[in-house]
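Below is the file target_20.cif, which contains mmCIF, C-alpha atoms.
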data_run
#
loop_
_atom_site.label_atom_id
_atom_site.label_comp_id
_atom_site.auth_asym_id
_atom_site.auth_seq_id
_atom_site.Cartn_x
_atom_site.Cartn_y
_atom_site.Cartn_z
CA MET A 24 76.81 108.51 101.30
CA LEU A 25 79.43 105.78 101.73
CA PHE A 26 80.12 103.42 104.62
CA ASP A 27 83.69 102.28 105.38
CA THR A 28 83.08 98.95 107.10
CA HIS A 29 86.73 98.34 108.03
CA CYS A 30 89.11 101.14 108.97
CA HIS A 31 91.79 100.94 111.68
CA LEU A 32 91.64 104.47 113.07
CA ASN A 33 92.81 102.85 116.31
CA PHE A 34 96.28 102.12 114.90
CA LYS A 35 99.44 104.17 115.55
CA ALA A 36 99.40 105.62 112.05
CA PHE A 37 96.45 107.79 113.10
CA ASP A 38 97.63 108.82 116.55
CA ASN A 39 96.62 112.45 117.23
CA ILE A 40 95.04 112.92 113.77
CA VAL A 41 91.85 110.83 113.99
CA LYS A 42 89.49 113.82 113.93
CA LYS A 43 91.32 115.37 110.98
CA VAL A 44 91.24 112.09 109.05
CA ILE A 45 87.51 111.66 109.69
CA ASP A 46 86.80 115.26 108.63
CA GLU A 47 88.68 114.67 105.37
CA ALA A 48 86.68 111.50 104.80
CA LYS A 49 83.39 113.32 105.35
CA LYS A 50 84.29 115.79 102.59
CA THR A 51 84.35 112.90 100.09
CA GLY A 52 81.00 111.50 101.25
CA ILE A 53 82.09 108.91 103.82
CA LYS A 54 79.51 109.20 106.58
CA ASN A 55 79.99 106.02 108.61
CA ILE A 56 83.03 104.03 109.74
CA VAL A 57 83.54 100.80 111.70
CA ILE A 58 86.85 100.51 113.56
CA PRO A 59 87.89 96.86 114.15
CA GLY A 60 90.11 95.80 117.03
CA THR A 61 92.90 93.27 116.65
CA ASP A 62 93.83 92.73 120.30
CA ILE A 63 92.76 94.03 123.71
CA ASN A 64 94.48 97.41 123.44
CA THR A 65 93.28 98.24 119.92
CA SER A 66 89.78 97.03 120.80
CA LYS A 67 89.66 99.39 123.77
CA LYS A 68 90.94 102.22 121.59
CA ALA A 69 88.29 101.49 118.93
CA VAL A 70 85.59 101.79 121.59
CA GLU A 71 87.13 104.98 122.95
CA ILE A 72 87.11 106.65 119.53
CA ALA A 73 83.59 105.44 118.69
CA ASN A 74 82.20 106.76 121.96
CA LYS A 75 83.50 110.25 121.18
CA LEU A 76 82.20 110.61 117.64
CA GLU A 77 78.89 110.26 115.81
CA ARG A 78 78.52 107.67 113.04
CA ILE A 79 81.72 105.95 114.15
CA TYR A 80 81.35 102.39 115.48
CA ALA A 81 83.66 99.84 117.05
CA SER A 82 84.36 96.15 116.69
CA VAL A 83 86.36 94.23 119.29
CA GLY A 84 88.32 91.01 119.00
CA ILE A 85 91.59 89.12 118.83
CA HIS A 86 93.17 88.86 115.38
CA PRO A 87 94.66 85.42 114.56
CA HIS A 88 98.13 86.96 114.15
CA HIS A 89 98.02 88.05 117.80
CA VAL A 90 97.10 84.56 118.96
CA LYS A 91 100.87 84.03 118.77
CA LYS A 92 101.12 85.92 122.05
CA TYR A 93 99.37 83.09 123.90
CA GLN A 94 101.59 80.44 122.34
CA LEU A 95 104.79 82.27 123.32
CA SER A 96 103.82 83.20 126.87
CA ASN A 97 101.98 81.95 129.92
CA ILE A 98 99.12 84.39 129.34
CA ASN A 99 95.75 82.66 129.41
CA TYR A 100 93.70 83.62 126.37
CA GLN A 101 90.51 83.13 128.40
CA LYS A 102 91.41 86.21 130.43
CA ASP A 103 91.53 88.33 127.29
CA LEU A 104 88.33 86.80 125.95
CA SER A 105 86.68 87.79 129.23
CA GLN A 106 87.76 91.38 128.57
CA ILE A 107 86.30 91.18 125.05
CA GLU A 108 83.04 89.88 126.51
CA LYS A 109 82.95 92.65 129.09
CA MET A 110 83.29 95.25 126.34
CA LEU A 111 80.53 93.57 124.31
CA SER A 112 78.18 93.59 127.28
CA GLU A 113 78.79 97.21 128.28
CA ASN A 114 79.04 99.34 125.14
CA LYS A 115 76.31 100.05 122.60
CA LYS A 116 78.70 101.49 120.01
CA ILE A 117 80.19 98.01 119.51
CA VAL A 118 78.49 96.53 116.46
CA ALA A 119 80.66 93.47 115.84
CA ILE A 120 83.36 91.14 117.05
CA GLY A 121 86.49 91.14 114.96
CA GLU A 122 88.54 91.03 113.20
CA ILE A 123 88.78 87.31 113.94
CA GLY A 124 89.67 84.24 111.89
CA ILE A 125 92.58 82.13 110.70
CA ASP A 126 95.89 83.34 109.25
CA LYS A 127 98.54 81.04 107.75
CA HIS A 128 100.75 83.79 106.34
CA THR A 129 104.32 83.90 107.65
CA TYR A 130 104.84 87.53 108.65
CA GLN A 131 108.36 88.94 108.34
CA ASN A 132 107.50 92.26 109.98
CA THR A 133 106.09 91.30 113.38
CA LYS A 134 106.74 91.95 117.06
CA TYR A 135 106.72 88.21 117.75
CA GLU A 136 110.12 86.52 117.62
CA SER A 137 110.68 83.48 115.40
CA TYR A 138 107.21 83.85 113.88
CA GLN A 139 106.19 80.69 112.10
CA ILE A 140 103.06 78.72 111.40
CA ASP A 141 102.99 75.36 113.15
CA LYS A 142 100.29 72.88 114.10
CA ASN A 143 99.92 74.10 117.68
CA PHE A 144 99.64 77.73 116.58
CA LEU A 145 96.93 76.87 114.06
CA GLU A 146 94.98 74.82 116.58
CA LEU A 147 95.08 77.71 119.04
CA GLN A 148 93.89 80.09 116.32
CA LYS A 149 90.94 77.80 115.64
CA ILE A 150 90.00 77.53 119.32
CA ILE A 151 90.08 81.29 119.85
CA PHE A 152 88.22 81.90 116.58
CA ILE A 153 85.38 79.56 117.56
CA ASN A 154 85.20 81.05 121.05
CA GLN A 155 84.81 84.52 119.56
CA LEU A 156 82.12 83.34 117.16
CA LYS A 157 80.27 82.05 120.21
CA LEU A 158 80.53 85.49 121.80
CA ALA A 159 79.12 87.08 118.65
CA LYS A 160 76.20 84.67 118.80
CA LYS A 161 75.65 85.21 122.52
CA TYR A 162 75.58 89.01 122.26
CA LYS A 163 73.86 89.10 118.85
CA LYS A 164 76.74 90.96 117.23
CA SER A 165 78.09 90.64 113.71
CA ALA A 166 81.48 89.03 113.02
CA ILE A 167 84.28 90.39 110.83
CA ILE A 168 86.19 87.44 109.40
CA HIS A 169 89.92 87.64 108.63
CA ASN A 170 91.14 84.94 106.25
CA ARG A 171 94.69 84.86 104.95
CA GLN A 172 95.74 81.74 103.09
CA ALA A 173 93.31 79.72 105.23
CA THR A 174 90.11 79.40 103.21
CA ASP A 175 89.87 75.61 103.66
CA GLU A 176 90.33 75.86 107.43
CA ILE A 177 87.74 78.62 107.81
CA LEU A 178 85.13 76.93 105.62
CA LYS A 179 85.62 73.68 107.54
CA ILE A 180 85.07 75.47 110.85
CA PHE A 181 81.90 77.04 109.48
CA SER A 182 80.66 73.75 108.03
CA ASP A 183 81.39 71.89 111.27
CA ASN A 184 79.63 74.60 113.28
CA GLN A 185 76.72 75.47 111.02
CA SER A 186 74.37 76.16 113.93
CA LEU A 187 76.87 78.72 115.19
CA ILE A 188 76.80 80.79 112.02
CA ASP A 189 73.08 80.41 111.27
CA ASN A 190 71.37 83.79 111.78
CA LEU A 191 74.76 85.37 112.47
CA ASN A 192 75.73 88.35 110.32
CA LEU A 193 79.20 87.77 108.86
CA VAL A 194 81.54 89.56 106.49
CA PHE A 195 84.60 88.14 104.76
CA HIS A 196 86.95 91.10 105.24
CA CYS A 197 89.20 91.75 102.23
CA CYS A 198 87.82 88.54 100.79
CA GLU A 199 90.29 86.21 99.10
CA PRO A 200 89.31 85.86 95.41
CA GLN A 201 88.32 82.21 95.39
CA ASN A 202 85.17 80.73 93.89
CA LYS A 203 84.68 78.30 96.76
CA ILE A 204 84.54 81.10 99.29
CA LEU A 205 82.21 83.10 97.04
CA ASP A 206 79.92 80.09 96.65
CA PHE A 207 79.85 79.59 100.42
CA ALA A 208 79.13 83.29 100.98
CA ILE A 209 76.23 83.26 98.52
CA LYS A 210 74.77 80.09 100.00
CA ASN A 211 74.98 81.44 103.56
CA LYS A 212 74.28 85.12 102.78
CA ILE A 213 77.67 86.29 104.05
CA PHE A 214 78.80 89.77 103.06
CA ILE A 215 82.03 90.33 101.14
CA GLY A 216 84.36 93.27 101.79
CA VAL A 217 86.24 94.87 98.88
CA ASP A 218 89.31 97.07 99.36
CA GLY A 219 91.87 99.14 97.49
CA ASP A 220 93.83 96.10 96.29
CA ILE A 221 91.41 95.86 93.34
CA PHE A 222 93.60 98.54 91.74
CA TYR A 223 96.62 96.25 91.44
CA SER A 224 95.08 92.78 91.23
CA LYS A 225 93.38 91.59 88.04
CA THR A 226 92.31 88.48 89.95
CA LYS A 227 90.48 90.66 92.48
CA GLN A 228 88.88 92.69 89.69
CA ASN A 229 87.51 89.56 88.05
CA PHE A 230 86.34 88.33 91.44
CA VAL A 231 84.47 91.59 92.13
CA LYS A 232 82.53 91.15 88.88
CA LYS A 233 81.02 87.95 90.32
CA ILE A 234 80.04 89.30 93.76
CA PRO A 235 76.26 89.80 94.01
CA LEU A 236 75.59 93.47 94.70
CA GLU A 237 73.36 92.60 97.66
CA LEU A 238 76.36 91.01 99.43
CA LEU A 239 78.95 93.70 98.68
CA VAL A 240 80.32 96.10 101.32
CA LEU A 241 83.11 98.66 100.99
CA GLU A 242 86.34 98.81 103.04
CA THR A 243 89.61 100.70 103.09
CA ASP A 244 91.45 98.61 105.71
CA ALA A 245 93.26 101.90 106.39
CA PRO A 246 96.10 102.47 107.06
CA PHE A 247 96.80 99.50 104.76
CA LEU A 248 95.87 98.58 101.16
CA SER A 249 96.20 101.98 99.55
CA PRO A 250 94.44 102.12 96.17
CA PHE A 251 97.33 104.13 94.73
CA LYS A 252 100.43 101.96 95.11
CA LYS A 253 101.16 98.50 96.42
CA THR A 254 104.70 99.00 97.65
CA LYS A 255 105.74 102.67 98.00
CA LYS A 256 105.77 103.91 101.56
CA ASP A 257 104.79 107.33 100.21
CA TYR A 258 101.20 106.10 100.12
CA PHE A 259 101.07 104.99 103.75
CA PRO A 260 98.84 105.52 105.56
CA ASN A 261 95.81 104.79 103.44
CA GLU A 262 92.84 106.85 104.68
CA PRO A 263 89.04 106.41 104.75
CA LYS A 264 88.66 109.33 102.32
CA ASN A 265 89.98 106.94 99.64
CA LEU A 266 86.83 104.84 99.90
CA LYS A 267 85.28 107.02 97.19
CA ILE A 268 88.11 106.08 94.80
CA ILE A 269 87.57 102.39 95.59
CA ALA A 270 83.83 102.77 95.00
CA GLU A 271 84.42 104.45 91.64
CA LYS A 272 86.68 101.59 90.57
CA ILE A 273 84.04 99.04 91.56
CA CYS A 274 81.46 100.96 89.51
CA GLU A 275 83.78 100.73 86.53
CA ILE A 276 84.33 96.99 87.04
CA LYS A 277 80.67 96.14 87.62
CA LYS A 278 79.34 98.70 85.13
CA ILE A 279 76.86 100.29 87.53
CA SER A 280 76.19 103.86 88.59
CA PHE A 281 77.91 105.40 91.59
CA LYS A 282 74.51 106.25 93.09
CA LYS A 283 73.35 102.65 92.93
CA LEU A 284 76.58 101.32 94.41
CA ALA A 285 76.61 103.88 97.22
CA GLU A 286 72.98 103.30 98.17
CA THR A 287 73.18 99.50 98.00
CA THR A 288 76.48 99.07 99.84
CA THR A 289 75.39 101.46 102.60
CA LYS A 290 72.15 99.50 103.05
CA ASN A 291 74.19 96.29 103.09
CA ALA A 292 76.48 97.70 105.80
CA GLU A 293 73.48 98.79 107.86
CA LYS A 294 72.05 95.29 107.57
CA LEU A 295 75.40 93.69 108.38
CA PHE A 296 75.87 95.70 111.56
CA LYS A 297 72.19 96.06 112.47
CA ILE A 298 72.25 99.83 112.54
CA LYS A 299 70.30 102.61 110.87
CA THR A 300 72.42 105.57 109.82
CA ASN A 301 69.86 108.01 108.38
#

As structure tokens, what does this structure read like?
Amino acid sequence: MLFDTHCHLNFKAFDNIVKKVIDEAKKTGIKNIVIPGTDINTSKKAVEIANKLERIYASVGIHPHHVKKYQLSNINYQKDLSQIEKMLSENKKIVAIGEIGIDKHTYQNTKYESYQIDKNFLELQKIIFINQLKLAKKYKKSAIIHNRQATDEILKIFSDNQSLIDNLNLVFHCCEPQNKILDFAIKNKIFIGVDGDIFYSKTKQNFVKKIPLELLVLETDAPFLSPFKKTKKDYFPNEPKNLKIIAEKICEIKKISFKKLAETTTKNAEKLFKIKTN
């Protein structure tokens, strides 16, 4: 039994085929899936899907990329955070807030015009990130952390707000392969998500070797990060059924049995999200 802790079944790539995709995943031993939101609409859709299906859970939150919306418009981010809080307070299938964090990557393919990283944008990302961590703490939910080229900023926020992350279940989603983030995760018992990019990144493979098994969780990040090819559109969308392939690769890298990896990572996911799946 495998647990996909990060799968965007709420994205357009899966419109009208969610049930089919989940059924295909079940055939390969994937029993549980968490669907993370990235803005208000995808968060609502994650909840909608989770409420219809067993063993499917939702996470709600505002991704740092979508913080750009508040910088470019007169929309008050507090209004959207209130909607996130309302969802957290009303729905039991929500197990986490996220994905949330800091992102310094300059996206070329984005709906936001003239997308660039500037000081004001980063400051707004930090404010909204901290506010969402506070919501996770308030409602005793886990937090799915997105970090892209912003390890120093995220670790500083955590270090400056240690009381906020104490006793808060966290996972570094698609964790960047850096020793300083691994050291921080081990010290603070933060889980680390591993995805299909281990197939085309030697750096990630070496990083996975060093992750303590008790902190490892599995992800597909579907429809992204296909384990088959990095660039060809033929392999989009990635699907949760590919989690088994990712797990087998991790077994090869860490030289452990599939049974041990499956049992341990599922228990880790249950602990992360405070759920029991048996």

Subject >> Selection result for the PyMOL selection byres ((chain A and resi 222-226) around 10) on this file, as a VMD selection string >> reply: chain A and resid 199 to 201 218 to 221 227 to 231 248 to 253 268 to 269 272 to 273

**OP:** Convert the output of the PyMOL selection byres ((chain A and resi 53) around 6) on the shown file into explicit residues, formatted as a list in words.
**Re:** Met24, Leu25, Phe26, Ala48, Lys49, Thr51, Gly52, Lys54 and Asn55 of chain A

Selected residues, C-alpha atoms, written as a short mmCIF file (atom, residue, chain, number, x, y, z; two decimals), in the frame of the given file, please.
data_model
loop_
_atom_site.label_atom_id
_atom_site.label_comp_id
_atom_site.auth_asym_id
_atom_site.auth_seq_id
_atom_site.Cartn_x
_atom_site.Cartn_y
_atom_site.Cartn_z
CA MET A 24 76.81 108.51 101.30
CA LEU A 25 79.43 105.78 101.73
CA PHE A 26 80.12 103.42 104.62
CA ALA A 48 86.68 111.50 104.80
CA LYS A 49 83.39 113.32 105.35
CA THR A 51 84.35 112.90 100.09
CA GLY A 52 81.00 111.50 101.25
CA LYS A 54 79.51 109.20 106.58
CA ASN A 55 79.99 106.02 108.61
#

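Residue nearest Val240 (chain A), chosen from A:Lys210, A:Lys278, A:Leu295, A:Pro87 and counting all atoms listed in the file: A:Leu295.
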
**OP:** Please evaluate the PyMOL selection byres ((chain A and resi 42) around 12) against the structure above and give the resulting residues as a PyMOL selection string.
**Re:** chain A and resi 32-33+37-41+43-49+72-73+75-77+79+263

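What separates CA of Ala159 (chain A) from CA of Ile120 (chain A) is a distance of 6.1 Å.
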
**OP:** Identify, on the basis of only C-alpha atoms, every residue whose closest approach to Ser165 (chain A) does not exceed 6 Å; exclude the query and any residue fewer than 2 positions from it along the same chain; express the result as a ChimeraX atom specification.
**Re:** /A:119,192-193,296

Original post:
To one decimal place, how far is CA of Ile180 (chain A) from CA of Lys67 (chain A) in Å?
Top reply: 27.6 Å

Original post:
Which protein, DNA or RNA residues are at most 10 Å from (83.3, 99.1, 113.8) in the file's coordinates when you count only C-alpha atoms, listed as a ChimeraX atom specification?
Top reply: /A:27-32,55-60,66,69-70,73,78-83,116-122,165,167,296

Original post:
Between A:Thr133, A:Thr174, A:Thr289, A:Gln101, which has the minimum distance to Ala208 (chain A) (counting all atoms listed in the file)?
Top reply: A:Thr174

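Taking CA of Tyr130 (chain A) as the reference point, CA of Arg171 (chain A) is found at 11.1 Å.
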
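Taking only C-alpha atoms into account, Ser96 (chain A) lies nearest to A:Glu136 out of the set A:Lys203, A:Asn265, A:Leu156, A:Glu136.
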
**OP:** Please provide as a PyMOL selection string all residues within 8 Å of Thr129 (chain A), with the sequence filter that same-chain residues fewer than 3 positions apart are discarded (counting only C-alpha atoms).
**Re:** chain A and resi 138-140

Write out N, CA and C atoms for region 161-188 of chain A, as a tab-separated table (two decimals), in the coordinates of the input.
chain	number	residue	atom	x	y	z
A	161	LYS	N	76.22	84.94	121.19
A	161	LYS	CA	75.65	85.21	122.52
A	161	LYS	C	75.15	86.65	122.63
A	162	TYR	N	75.93	87.60	122.11
A	162	TYR	CA	75.58	89.01	122.26
A	162	TYR	C	74.91	89.60	121.01
A	163	LYS	N	74.58	88.71	120.06
A	163	LYS	CA	73.86	89.10	118.85
A	163	LYS	C	74.59	90.21	118.09
A	164	LYS	N	75.90	90.04	117.98
A	164	LYS	CA	76.74	90.96	117.23
A	164	LYS	C	77.16	90.31	115.91
A	165	SER	N	77.56	91.14	114.97
A	165	SER	CA	78.09	90.64	113.71
A	165	SER	C	79.53	90.16	113.93
A	166	ALA	N	80.09	89.51	112.91
A	166	ALA	CA	81.48	89.03	113.02
A	166	ALA	C	82.24	89.39	111.75
A	167	ILE	N	83.41	90.01	111.94
A	167	ILE	CA	84.28	90.39	110.83
A	167	ILE	C	85.36	89.32	110.70
A	168	ILE	N	85.35	88.62	109.57
A	168	ILE	CA	86.19	87.44	109.40
A	168	ILE	C	87.47	87.77	108.63
A	169	HIS	N	88.61	87.50	109.26
A	169	HIS	CA	89.92	87.64	108.63
A	169	HIS	C	90.36	86.26	108.13
A	170	ASN	N	90.67	86.18	106.85
A	170	ASN	CA	91.14	84.94	106.25
A	170	ASN	C	92.36	85.24	105.40
A	171	ARG	N	93.50	84.70	105.78
A	171	ARG	CA	94.69	84.86	104.95
A	171	ARG	C	95.31	83.49	104.73
A	172	GLN	N	95.19	83.03	103.50
A	172	GLN	CA	95.74	81.74	103.09
A	172	GLN	C	95.15	80.59	103.91
A	173	ALA	N	93.91	80.74	104.35
A	173	ALA	CA	93.31	79.72	105.23
A	173	ALA	C	91.85	79.46	104.89
A	174	THR	N	91.51	79.57	103.62
A	174	THR	CA	90.11	79.40	103.21
A	174	THR	C	89.58	78.03	103.60
A	175	ASP	N	90.34	76.97	103.35
A	175	ASP	CA	89.87	75.61	103.66
A	175	ASP	C	89.60	75.45	105.15
A	176	GLU	N	90.50	75.98	105.98
A	176	GLU	CA	90.33	75.86	107.43
A	176	GLU	C	89.09	76.62	107.90
A	177	ILE	N	88.88	77.82	107.38
A	177	ILE	CA	87.74	78.62	107.81
A	177	ILE	C	86.42	77.98	107.35
A	178	LEU	N	86.37	77.55	106.11
A	178	LEU	CA	85.13	76.93	105.62
A	178	LEU	C	84.82	75.64	106.36
A	179	LYS	N	85.85	74.90	106.76
A	179	LYS	CA	85.62	73.68	107.54
A	179	LYS	C	85.04	74.02	108.92
A	180	ILE	N	85.60	75.05	109.54
A	180	ILE	CA	85.07	75.47	110.85
A	180	ILE	C	83.61	75.87	110.72
A	181	PHE	N	83.28	76.63	109.68
A	181	PHE	CA	81.90	77.04	109.48
A	181	PHE	C	80.99	75.84	109.21
A	182	SER	N	81.47	74.93	108.36
A	182	SER	CA	80.66	73.75	108.03
A	182	SER	C	80.46	72.84	109.23
A	183	ASP	N	81.49	72.74	110.07
A	183	ASP	CA	81.39	71.89	111.27
A	183	ASP	C	80.59	72.56	112.38
A	184	ASN	N	80.37	73.86	112.25
A	184	ASN	CA	79.63	74.60	113.28
A	184	ASN	C	78.50	75.42	112.65
A	185	GLN	N	77.75	74.77	111.77
A	185	GLN	CA	76.72	75.47	111.02
A	185	GLN	C	75.71	76.18	111.92
A	186	SER	N	75.35	75.54	113.02
A	186	SER	CA	74.37	76.16	113.93
A	186	SER	C	74.92	77.44	114.55
A	187	LEU	N	76.25	77.53	114.61
A	187	LEU	CA	76.87	78.72	115.19
A	187	LEU	C	76.78	79.91	114.26
A	188	ILE	N	76.83	79.67	112.96
A	188	ILE	CA	76.80	80.79	112.02
A	188	ILE	C	75.40	81.05	111.46
